[in-house]
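The structure appears right after this line, and notes come after that.
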Amino acid sequence: MEDLKFVMDTIWVLVAAALVFFMQAGFAMVETGFTRSKNAGNIIMKNLMDFSVGSVIYWAVGYGLMYGTDLGGFLGMPSFFFSGDYTALIFQTVFCATAATIVSGAMAERTKFSSYLIYSFFISLLVYPISGHWIWGGGWLSQLGFHDFAGSTAVHMLGGAAALVGAYVLGPRLGKYTKDGRSMAIPGHSVTLGALGVFILWFGWFGFNGGSQLAASSVEDALAIGRIFVTTNLAAAMAAIAAMTVTWIRYKKPDVSMTLNGALAGLVAITAGCDVVTPVGAAVIGLLGGVTVVFAIEFVDKVMKVDDPVGAVGVHMVNGALGTVMVGVFAVDGGVLYGGGFGLLGVQALGVVAVLAWTLLTTYIIFNVINLTVGLRVSEKEEMVGLDLEEHGMESYADFQVRT
Amino acid sequence: MEDLKFVMDTIWVLVAAALVFFMQAGFAMVETGFTRSKNAGNIIMKNLMDFSVGSVIYWAVGYGLMYGTDLGGFLGMPSFFFSGDYTALIFQTVFCATAATIVSGAMAERTKFSSYLIYSFFISLLVYPISGHWIWGGGWLSQLGFHDFAGSTAVHMLGGAAALVGAYVLGPRLGKYTKDGRSMAIPGHSVTLGALGVFILWFGWFGFNGGSQLAASSVEDALAIGRIFVTTNLAAAMAAIAAMTVTWIRYKKPDVSMTLNGALAGLVAITAGCDVVTPVGAAVIGLLGGVTVVFAIEFVDKVMKVDDPVGAVGVHMVNGALGTVMVGVFAVDGGVLYGGGFGLLGVQALGVVAVLAWTLLTTYIIFNVINLTVGLRVSEKEEMVGLDLEEHGMESYADFQVRT
Amino acid sequence: MEDLKFVMDTIWVLVAAALVFFMQAGFAMVETGFTRSKNAGNIIMKNLMDFSVGSVIYWAVGYGLMYGTDLGGFLGMPSFFFSGDYTALIFQTVFCATAATIVSGAMAERTKFSSYLIYSFFISLLVYPISGHWIWGGGWLSQLGFHDFAGSTAVHMLGGAAALVGAYVLGPRLGKYTKDGRSMAIPGHSVTLGALGVFILWFGWFGFNGGSQLAASSVEDALAIGRIFVTTNLAAAMAAIAAMTVTWIRYKKPDVSMTLNGALAGLVAITAGCDVVTPVGAAVIGLLGGVTVVFAIEFVDKVMKVDDPVGAVGVHMVNGALGTVMVGVFAVDGGVLYGGGFGLLGVQALGVVAVLAWTLLTTYIIFNVINLTVGLRVSEKEEMVGLDLEEHGMESYADFQVRT
Amino acid sequence: MDKMTKIDIITRPEKAEDLKEALNQIGITGMTFSHVLGCGLQKGKSEYYRGSQYKIDLLPKIKIEVVVCEVPVDLVVSTATQVLRTGEVGDGKIFVYATQDVVKVRTGEQGVKAL
Amino acid sequence: MDKMTKIDIITRPEKAEDLKEALNQIGITGMTFSHVLGCGLQKGKSEYYRGSQYKIDLLPKIKIEVVVCEVPVDLVVSTATQVLRTGEVGDGKIFVYATQDVVKVRTGEQGVKAL
Amino acid sequence: MDKMTKIDIITRPEKAEDLKEALNQIGITGMTFSHVLGCGLQKGKSEYYRGSQYKIDLLPKIKIEVVVCEVPVDLVVSTATQVLRTGEVGDGKIFVYATQDVVKVRTGEQGVKAL
Ligand SMILES: Nc1ncnc2c1ncn2[C@@H]1O[C@H](COP(=O)(O)OP(=O)(O)O)[C@@H](O)[C@H]1O
Ligand SMILES: Nc1ncnc2c1ncn2[C@@H]1O[C@H](COP(=O)(O)OP(=O)(O)O)[C@@H](O)[C@H]1O
Ligand SMILES: Nc1ncnc2c1ncn2[C@@H]1O[C@H](COP(=O)(O)OP(=O)(O)O)[C@@H](O)[C@H]1O
């Protein structure tokens, strides 16, 4: 019976790992679709390589730091080139890669390729594993009872915060802001590919959240995963509806790319609590996520004047934080609304703040060191001509007549 | 043992549900690929939103009407905001969404976005759940022994019939028919995305048909699902070959988009009987489907003069009906060819007629009421300029030089 | 317990079969993305039809030849229209189709559609099943202990060798070589679709390699599949890194399409030994694969002057062979590096040579017979105008202004 | 040598087909179309894309170039005007230029015979 | 009838917006843009694509066509030159042609009134 | 001021490369290419798309614009004719126009020096 449990749990986690891997395709499509054709190959390449580099580094070092024997609540005892039950490794690898790849979109169209590789190396080596240890590896946050089921904070907020720092250090794309500081639209080159990416992500998210149950052998597991599928789906659906509605009111027309961001925002927001909230709770969290993401993206763009071409900060950082905190409100067991008092809410907020601080600090150092040594940004001319030609010597759409 | 069965069945259904969800991406790609670039974002948005709205409504109301305690064979006892074993809900939700999304393709390039949302609301609220109850919810058709394993009728024919009514009430796109009534080609903007959509659908269909076994815990289940995979695949393959051959003969050249439709037609046709026919039977059904779809699409286009840009009526309605009726012929147990007499065939035909009548009637009312109140169709100018710009204020391919 | 084992094994194989099916979408996207827009629909059609024709033929004849009772180690006792446990059929069908579809990319942009259908027919009828019998069907190679876990040789090298012969017999595309024999670049029309294809293939490969365990019911199975996921992923990641690095050095800039090929090369190379090598071994095999593929593609292109638009020969044939041989080096049990001596290495090399000879010979005959009868290549004018218009009467991107 | 004239017509893309047929009917056998972006009295629009202002002020137009000799310029202009006029801004403009010579590549014929 | 002139400006695509504004400012209300590929002193580059040489020698340029009458040609040329000059090869060229006539389709007006 | 002339060559896209090289060889350093759709004696084709008639009657052509001064027009025309002639319909046409002035933006040079 123990054996059977092991087999069933393992197979489930592996199926989920494959689905989460596939989210890489989703990110690649969203990020390329929402940016310009002259940089399409470059962004693809960044997505491919952060996964590749991350897979190797996380195996070599990262996993050990994250899941090694706890050292003072802060990190795991280092060990190299993981060996053991490899199912754990592959599942954690694809999560690490998700965090890493979020950044490429926010830094798109102006980041040097080589510098991006260096960043990828460090996020998978240190940034993600260490705060991951706090949350999932037996570290101090997990000891406090911090609940982040599938990684609203551990994965998404971390990736989104790194994205914010990266985009901030880089500065905006040429032409993004007028001299008097107005934000200009720079439309993406393929809404269809971007939308395909969102559908792929939504699909993969069933593995992301469902797989995080890490078990599929008992009736409780089965019921839990079924409910996770529903909460995940409802949050995304409600968030899409909400984002569409908000843009319809604010911009007079329902904005396609923002609605797509809305669906992702709902998915990010429900990730922390998909196992502990009711479907109604999930729908409300989705609603909040969908509303929030529109204002968050506008805030980053117009108030902070940080140029995030794909909305990664609004989607992942803001909604990662929101979703994590909402666990303290909507968790059936411990949430404010269910008479659980403010204890859980406090721990959730603390976790968000701690991981945010950690990420902002470490990535600020990393990006600045890269910037001061090899340089983070391509030259003006390279940016103007496009990274595909300048950094890779090719055109992504060689047969098509491109406008400007 | 009971527990183990529950777990195994549940996990299988959840994996299948994820695959069926992914079919949404397939529909979105087929529909956008087969229509013009100036409406690409709009059709994507319709696909995204019919799923989102449908997910919420079906959870809130639809599921109850479909699976609630039977009231006189006609509908289930209403109950709201489903709670229970959520695996059932998510699996049924993605089926409902499949039916709903079929319509968007047939009504593409000229339907008001807001009106489409209203239609989405009602199909998931009423039209699909009620006839679904007849077939799968314990209603009168299921009591008669009507066999529609995974939904050739319940899902596809229903969606296709709604598509027919929608396209009919809307009228053809500007320029689709000459003054003397000849049908003009309006080529789609991306055969590659359309083909990708077909591959995604074919992939998802293994979940659609395989998952409809609803169990994966006994040797019988395992054998059955294995055979379902084979019948599903063979029908699609034969249908693609058949459609290719027919177009090659009729148009002198093998038509790519029609062959893609052919594969889908085979999938639709085998859906009702994938569990009860032999692989040979499946191959023949596929063959019939592939031949039929070409003539059906031409009939709709040239004789009925209903403008269905993606061939949804030919694929889903006609082949949904065909496949359902063919169960009465090819079912090993009860089919005419296997000495089962005409009983089953009669029931199958009856079911098709009943659901067809129901769908035509209800959607005719819905579309006409929408048309008379908020209006179903965009203005001529909006249609000419394109729905992306007019309804969403954006261009889907902002970097590319568009022809026309 | 036996029953449970059967169910668990079956369901796993079916999930894997669906994933492997989805690789068809990956191949279609890679091949169309890496070639020109004027042939995009044609290559899609070839991918769709080789799968469709192959599915039918392999069911009707091929499976029997491959898995029928062994006749002298050379082929299986023929039997037609498979019946039995259909799970085996569908799983083997999608593998056969993978081998078949590799060829279309190498022969892209100049092969007559009808001739391609004929080729598809024969590879699924004879070429693949017979050498498949040697390796997996109980034939002579399997009797010698040849180890090709998921098909580096049986599937990929075979497909790649057929691709080489096909591209060789066809001759290069117009304009590919200058009069003095220099190779000219003919860029593909969509790097984004090509990259999407690679992500889809990588995703599907978890099914390809993981499913080849053919069992998921014991602790050993579970551990094995987990390790297979890791070896597969690491090999691909290392290969992508290696190919990127090599191109960066050789061409001064990291080449996007070659790096994408690199990832595939790693996947192909690890396929034979993914179950018997350590993650470190897998990483090294990936590294070798990534380096090799760049030189192999250049060699085919510049030295052999065989025009292979998508790099199928370098990826599948060369790395299929490499990976198979490397099993003799890196297999924990029997590999040279683990003190296993040269026995296994010898058998592996023998298997590679035998299957290579078989494939080159049979496909050379097939392609030449086709060439001499119906003709293999389209006319110059058709090639110039594009196969979409000439062979299918349509444009794949009717709305876009195409360059040249 | 007869006087040859080049006429450039810039108008709405959706009128391309009608214009082509009308010009065919008055005996014009050759013409060249291109997709251009126009800026004139017809104003583009300003939309919101992700909350930022998005000015679409270059409108897609089609340019038809016709070189004529035997067919009178006035006839071309009046035919085009008739087909293209909707009365709303954006109907477009017709420009007329002198042409010095025409050569038909296939035959090498020059001048009026080349048309 | 006043003299009408057509001015073709071929330059870098990234200057399109600035040029449009500058021309607007000197009173030009209509212009037509198209995307062209240029070959001049500014050389393209040679890259490697999958190991083969890949010459990108036609560079994307933008062509602006303006027909003027009241606005002096010299003013257009000097305005454009000022906006476009970077001093590096690839700044582009301005070509000036005589125009015989202009017709405004919407109103049928001809000549200077059509502009 | 020397006489400057603009030559428009409309021909098959696949000839672009050859033509560019031939013109380079006779000393032409600048030219501008654009993708156009042509309608002439070479007829398009009528296909079936999903069973409906699909007329593809505008064929993809390439237009090369060259303004010359020192290089004689005749040489350009004869060079182009030679390179482009296949003898089948669709070889294309060459149009010759007078040019009043040329300005090189980078230097401000005018006339022949600008070329
Ligand atoms: N002076 C001009 N020079 C070049 N092109 C012009 C000029 N005026 C108008 N055009 C072209 O004609 C198109 C239609 O002009 P517009 O002023 O919008 O319409 P209308 O002439 O019907 O009022 C413009 O979009 C532009 O492409
Ligand atoms: N003689 C010419 N005829 C037509 N177009 C030309 C001519 N000379 C230059 N051009 C166009 O002008 C563009 C800019 O010319 P180029 O020589 O690169 O820059 P610059 O004039 O600044 O030195 C070219 O890319 C080409 O499109
Ligand atoms: N009178 C004309 N005015 C403008 N363009 C023309 C004219 N005649 C021909 N063309 C252009 O030249 C191209 C080639 O002409 P066509 O008649 O097909 O070939 P050929 O001249 O070799 O017989 C046409 O597609 C069209 O773009």
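Residue numbers start at 1 in each chain; chains themselves are named A, B, ... in the order of the structure tokens; ligands are numbered from 1 in the order shown.
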
Requested in this report: Excluding Ala162 in chain C and any residue of its chain fewer than 3 positions from it, enumerate the residues within 10 Å of it, using only C-alpha atoms, and give them as a ChimeraX atom specification.
Outcome: /C:99-100,102-104,106-107,119,123,127,156-159,165-168,312-313,317,356,359-364,366-367

Output for the residues just chosen: C-alpha atoms as a short mmCIF file (atom, residue, chain, number, x, y, z; two decimals), in the first residue's frame:
```
data_model
loop_
_atom_site.label_atom_id
_atom_site.label_comp_id
_atom_site.auth_asym_id
_atom_site.auth_seq_id
_atom_site.Cartn_x
_atom_site.Cartn_y
_atom_site.Cartn_z
CA ALA C 99 9.77 8.79 -37.64
CA ALA C 100 7.73 9.46 -40.75
CA ILE C 102 10.91 13.97 -39.70
CA VAL C 103 11.44 13.67 -43.42
CA SER C 104 9.07 16.40 -44.49
CA ALA C 106 14.37 18.06 -44.93
CA MET C 107 12.47 17.77 -48.18
CA TYR C 119 6.74 8.03 -49.42
CA ILE C 123 7.84 4.32 -44.53
CA VAL C 127 10.79 0.77 -43.51
CA HIS C 156 15.01 9.38 -34.98
CA MET C 157 18.02 8.03 -36.79
CA LEU C 158 15.72 6.21 -39.14
CA GLY C 159 13.70 9.33 -39.82
CA VAL C 165 18.21 10.33 -48.75
CA GLY C 166 15.11 12.27 -49.65
CA ALA C 167 16.88 15.62 -49.64
CA TYR C 168 19.78 14.15 -51.57
CA ALA C 312 16.61 17.26 -39.73
CA VAL C 313 19.64 15.19 -40.70
CA MET C 317 20.17 11.12 -37.89
CA LEU C 356 21.41 3.09 -41.03
CA THR C 359 17.18 2.87 -44.00
CA LEU C 360 19.52 4.36 -46.55
CA LEU C 361 19.02 1.41 -48.83
CA THR C 362 15.27 1.10 -48.65
CA THR C 363 14.53 4.79 -48.79
CA TYR C 364 17.00 5.22 -51.62
CA ILE C 366 11.68 4.24 -52.61
CA PHE C 367 12.64 7.81 -53.45
#
```

Requested in this report: Would you return as a VMD selection string the members of chain F that DSSP assigns to helix (DSSP H, G or I) on this structure's backbone?
Outcome: chain F and resid 13 to 25 73 to 84 111 to 114

Requested in this report: Check which residues fall inside 7 Å of ligand 2 when counting only C-alpha atoms and all ligand atoms, and print them as JSON, numbers by chain.
Outcome: {"E": [10, 11, 37, 38, 39, 40, 41, 42, 43, 59, 61, 88, 89, 90, 91, 92, 93], "F": [28, 29, 30, 31, 32, 65, 66, 67, 68, 104, 105, 106, 115]}

Please dump the current selection as an mmCIF file, in the first residue's frame; keep N, CA and C atoms.
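So again13.cif came out as:
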```cif
data_model
loop_
_atom_site.group_PDB
_atom_site.id
_atom_site.type_symbol
_atom_site.label_atom_id
_atom_site.label_comp_id
_atom_site.auth_asym_id
_atom_site.auth_seq_id
_atom_site.Cartn_x
_atom_site.Cartn_y
_atom_site.Cartn_z
ATOM 1 N N ILE E 10 13.117 59.991 -49.084
ATOM 2 C CA ILE E 10 13.430 58.622 -48.671
ATOM 3 C C ILE E 10 14.383 58.700 -47.502
ATOM 4 N N THR E 11 14.009 58.114 -46.388
ATOM 5 C CA THR E 11 14.852 58.266 -45.201
ATOM 6 C C THR E 11 14.675 57.111 -44.228
ATOM 7 N N LEU E 37 12.552 49.473 -49.535
ATOM 8 C CA LEU E 37 13.864 48.937 -49.175
ATOM 9 C C LEU E 37 14.904 49.693 -49.966
ATOM 10 N N GLY E 38 15.907 50.185 -49.292
ATOM 11 C CA GLY E 38 16.852 51.041 -49.980
ATOM 12 C C GLY E 38 18.226 50.429 -50.091
ATOM 13 N N CYS E 39 18.895 50.875 -51.126
ATOM 14 C CA CYS E 39 20.239 50.414 -51.394
ATOM 15 C C CYS E 39 21.008 51.672 -51.784
ATOM 16 N N GLY E 40 22.011 52.010 -50.999
ATOM 17 C CA GLY E 40 22.730 53.258 -51.275
ATOM 18 C C GLY E 40 24.135 53.159 -50.735
ATOM 19 N N LEU E 41 24.642 54.282 -50.269
ATOM 20 C CA LEU E 41 25.988 54.246 -49.706
ATOM 21 C C LEU E 41 26.005 53.486 -48.389
ATOM 22 N N GLN E 42 24.908 53.608 -47.664
ATOM 23 C CA GLN E 42 24.822 52.880 -46.411
ATOM 24 C C GLN E 42 24.750 51.399 -46.738
ATOM 25 N N LYS E 43 25.746 50.686 -46.273
ATOM 26 C CA LYS E 43 25.817 49.278 -46.657
ATOM 27 C C LYS E 43 25.021 48.424 -45.684
ATOM 28 N N LEU E 59 18.057 47.816 -47.023
ATOM 29 C CA LEU E 59 17.695 48.294 -45.688
ATOM 30 C C LEU E 59 16.300 48.883 -45.680
ATOM 31 N N LYS E 61 13.588 51.396 -45.391
ATOM 32 C CA LYS E 61 13.523 52.868 -45.459
ATOM 33 C C LYS E 61 12.056 53.268 -45.537
ATOM 34 N N GLU E 88 25.191 60.869 -40.713
ATOM 35 C CA GLU E 88 25.725 59.540 -41.046
ATOM 36 C C GLU E 88 25.095 59.022 -42.320
ATOM 37 N N VAL E 89 25.804 58.127 -43.007
ATOM 38 C CA VAL E 89 25.213 57.606 -44.240
ATOM 39 C C VAL E 89 23.878 56.959 -43.909
ATOM 40 N N GLY E 90 22.977 57.089 -44.870
ATOM 41 C CA GLY E 90 21.652 56.549 -44.645
ATOM 42 C C GLY E 90 20.628 57.613 -44.316
ATOM 43 N N ASP E 91 21.061 58.877 -44.283
ATOM 44 C CA ASP E 91 20.109 59.953 -44.002
ATOM 45 C C ASP E 91 19.044 60.062 -45.082
ATOM 46 N N GLY E 92 19.442 59.672 -46.283
ATOM 47 C CA GLY E 92 18.436 59.609 -47.327
ATOM 48 C C GLY E 92 18.512 60.721 -48.347
ATOM 49 N N LYS E 93 17.542 60.695 -49.235
ATOM 50 C CA LYS E 93 17.535 61.638 -50.346
ATOM 51 C C LYS E 93 16.157 62.223 -50.543
ATOM 52 N N ILE F 28 25.459 52.482 -60.827
ATOM 53 C CA ILE F 28 24.354 53.065 -60.070
ATOM 54 C C ILE F 28 24.496 52.667 -58.614
ATOM 55 N N THR F 29 24.554 53.658 -57.772
ATOM 56 C CA THR F 29 24.864 53.367 -56.369
ATOM 57 C C THR F 29 23.636 53.426 -55.482
ATOM 58 N N GLY F 30 22.607 54.071 -55.966
ATOM 59 C CA GLY F 30 21.433 54.186 -55.106
ATOM 60 C C GLY F 30 20.190 53.697 -55.819
ATOM 61 N N MET F 31 19.395 52.950 -55.132
ATOM 62 C CA MET F 31 18.088 52.604 -55.699
ATOM 63 C C MET F 31 17.131 52.242 -54.570
ATOM 64 N N THR F 32 15.866 52.244 -54.901
ATOM 65 C CA THR F 32 14.848 52.013 -53.889
ATOM 66 C C THR F 32 13.879 50.962 -54.406
ATOM 67 N N GLU F 65 13.029 51.946 -58.134
ATOM 68 C CA GLU F 65 13.123 53.348 -58.543
ATOM 69 C C GLU F 65 14.586 53.761 -58.537
ATOM 70 N N VAL F 66 15.022 54.337 -59.620
ATOM 71 C CA VAL F 66 16.398 54.830 -59.695
ATOM 72 C C VAL F 66 16.381 56.220 -60.293
ATOM 73 N N VAL F 67 17.046 57.102 -59.648
ATOM 74 C CA VAL F 67 17.208 58.429 -60.239
ATOM 75 C C VAL F 67 18.650 58.533 -60.730
ATOM 76 N N VAL F 68 18.798 58.868 -62.003
ATOM 77 C CA VAL F 68 20.150 58.925 -62.564
ATOM 78 C C VAL F 68 20.408 60.279 -63.207
ATOM 79 N N LYS F 104 20.658 65.565 -51.254
ATOM 80 C CA LYS F 104 21.208 64.534 -50.389
ATOM 81 C C LYS F 104 21.112 65.068 -48.968
ATOM 82 N N VAL F 105 20.342 64.432 -48.162
ATOM 83 C CA VAL F 105 20.050 64.981 -46.841
ATOM 84 C C VAL F 105 21.316 65.151 -45.995
ATOM 85 N N ARG F 106 22.168 64.164 -46.036
ATOM 86 C CA ARG F 106 23.332 64.165 -45.162
ATOM 87 C C ARG F 106 24.226 65.379 -45.366
ATOM 88 N N LEU F 115 23.777 62.638 -56.175
ATOM 89 C CA LEU F 115 23.572 61.233 -56.566
ATOM 90 C C LEU F 115 24.826 60.396 -56.356
#
```

**Report entry** Among listed residues D:Ser34, D:Thr107, D:Thr5, D:Ser52, nearest ligand 1 (using only C-alpha atoms and all ligand atoms)
**Finding:**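 Nearest candidate to ligand 1 out of D:Ser34, D:Thr107, D:Thr5, D:Ser52: D:Ser34.
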
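With only C-alpha atoms taken into account, chain D has Pro13, Glu14, His35, Glu47, Tyr48 and Tyr49 of chain D at most 7 Å from chain B.
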
Requested in this report: Excluding Ala16 in chain D and any residue of its chain fewer than 3 positions from it, enumerate the residues within 9 Å of it, using only C-alpha atoms, and give them as a VMD selection string.
Outcome: (chain B and resid 404) or (chain D and resid 11 to 13 19 to 21 33 62 to 64)

Report task. Check the smallest atom-to-atom distance from each of F:Pro60, F:Pro72, F:Gly111, F:Gly51 to chain D using only C-alpha atoms, then report the winner. Result ->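 Among the listed residues, the smallest separation from chain D belongs to F:Pro60.
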
Query raised in the report: Given the choices C:Pro78, C:Gly286, C:Gly197, C:Gly210, which gets closest to chain B if the distance is worked out from only C-alpha atoms?
Result: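 The shortest atom-to-atom distance to chain B comes from C:Gly197.
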
Report task. Pick out the residues sitting within 9 Å of Leu322 in chain B, and hand them over as a list of chain:residue names; count only C-alpha atoms, and ignore anything fewer than 5 positions along from it in its own chain. Result -> B:Ser152, B:Ala269, B:Ile285, B:Leu288, B:Gly289, B:Thr292, B:Met317, B:Val327, B:Val352

With C-alpha atoms retained, export the selected residues as a PDB file, in the first residue's frame.
```
ATOM      1  CA  SER B 152     -21.329  14.389 -30.769  1.00  0.00           C
ATOM      2  CA  ALA B 269     -18.270  12.144 -35.837  1.00  0.00           C
ATOM      3  CA  ILE B 285     -17.268   6.685 -39.739  1.00  0.00           C
ATOM      4  CA  LEU B 288     -18.016   9.290 -44.067  1.00  0.00           C
ATOM      5  CA  GLY B 289     -17.291  12.318 -41.935  1.00  0.00           C
ATOM      6  CA  THR B 292     -19.642  14.715 -45.715  1.00  0.00           C
ATOM      7  CA  MET B 317     -23.536  20.255 -36.574  1.00  0.00           C
ATOM      8  CA  VAL B 327     -23.817   4.703 -33.616  1.00  0.00           C
ATOM      9  CA  VAL B 352     -30.559  14.082 -32.969  1.00  0.00           C
TER      10      VAL B 352
END
```
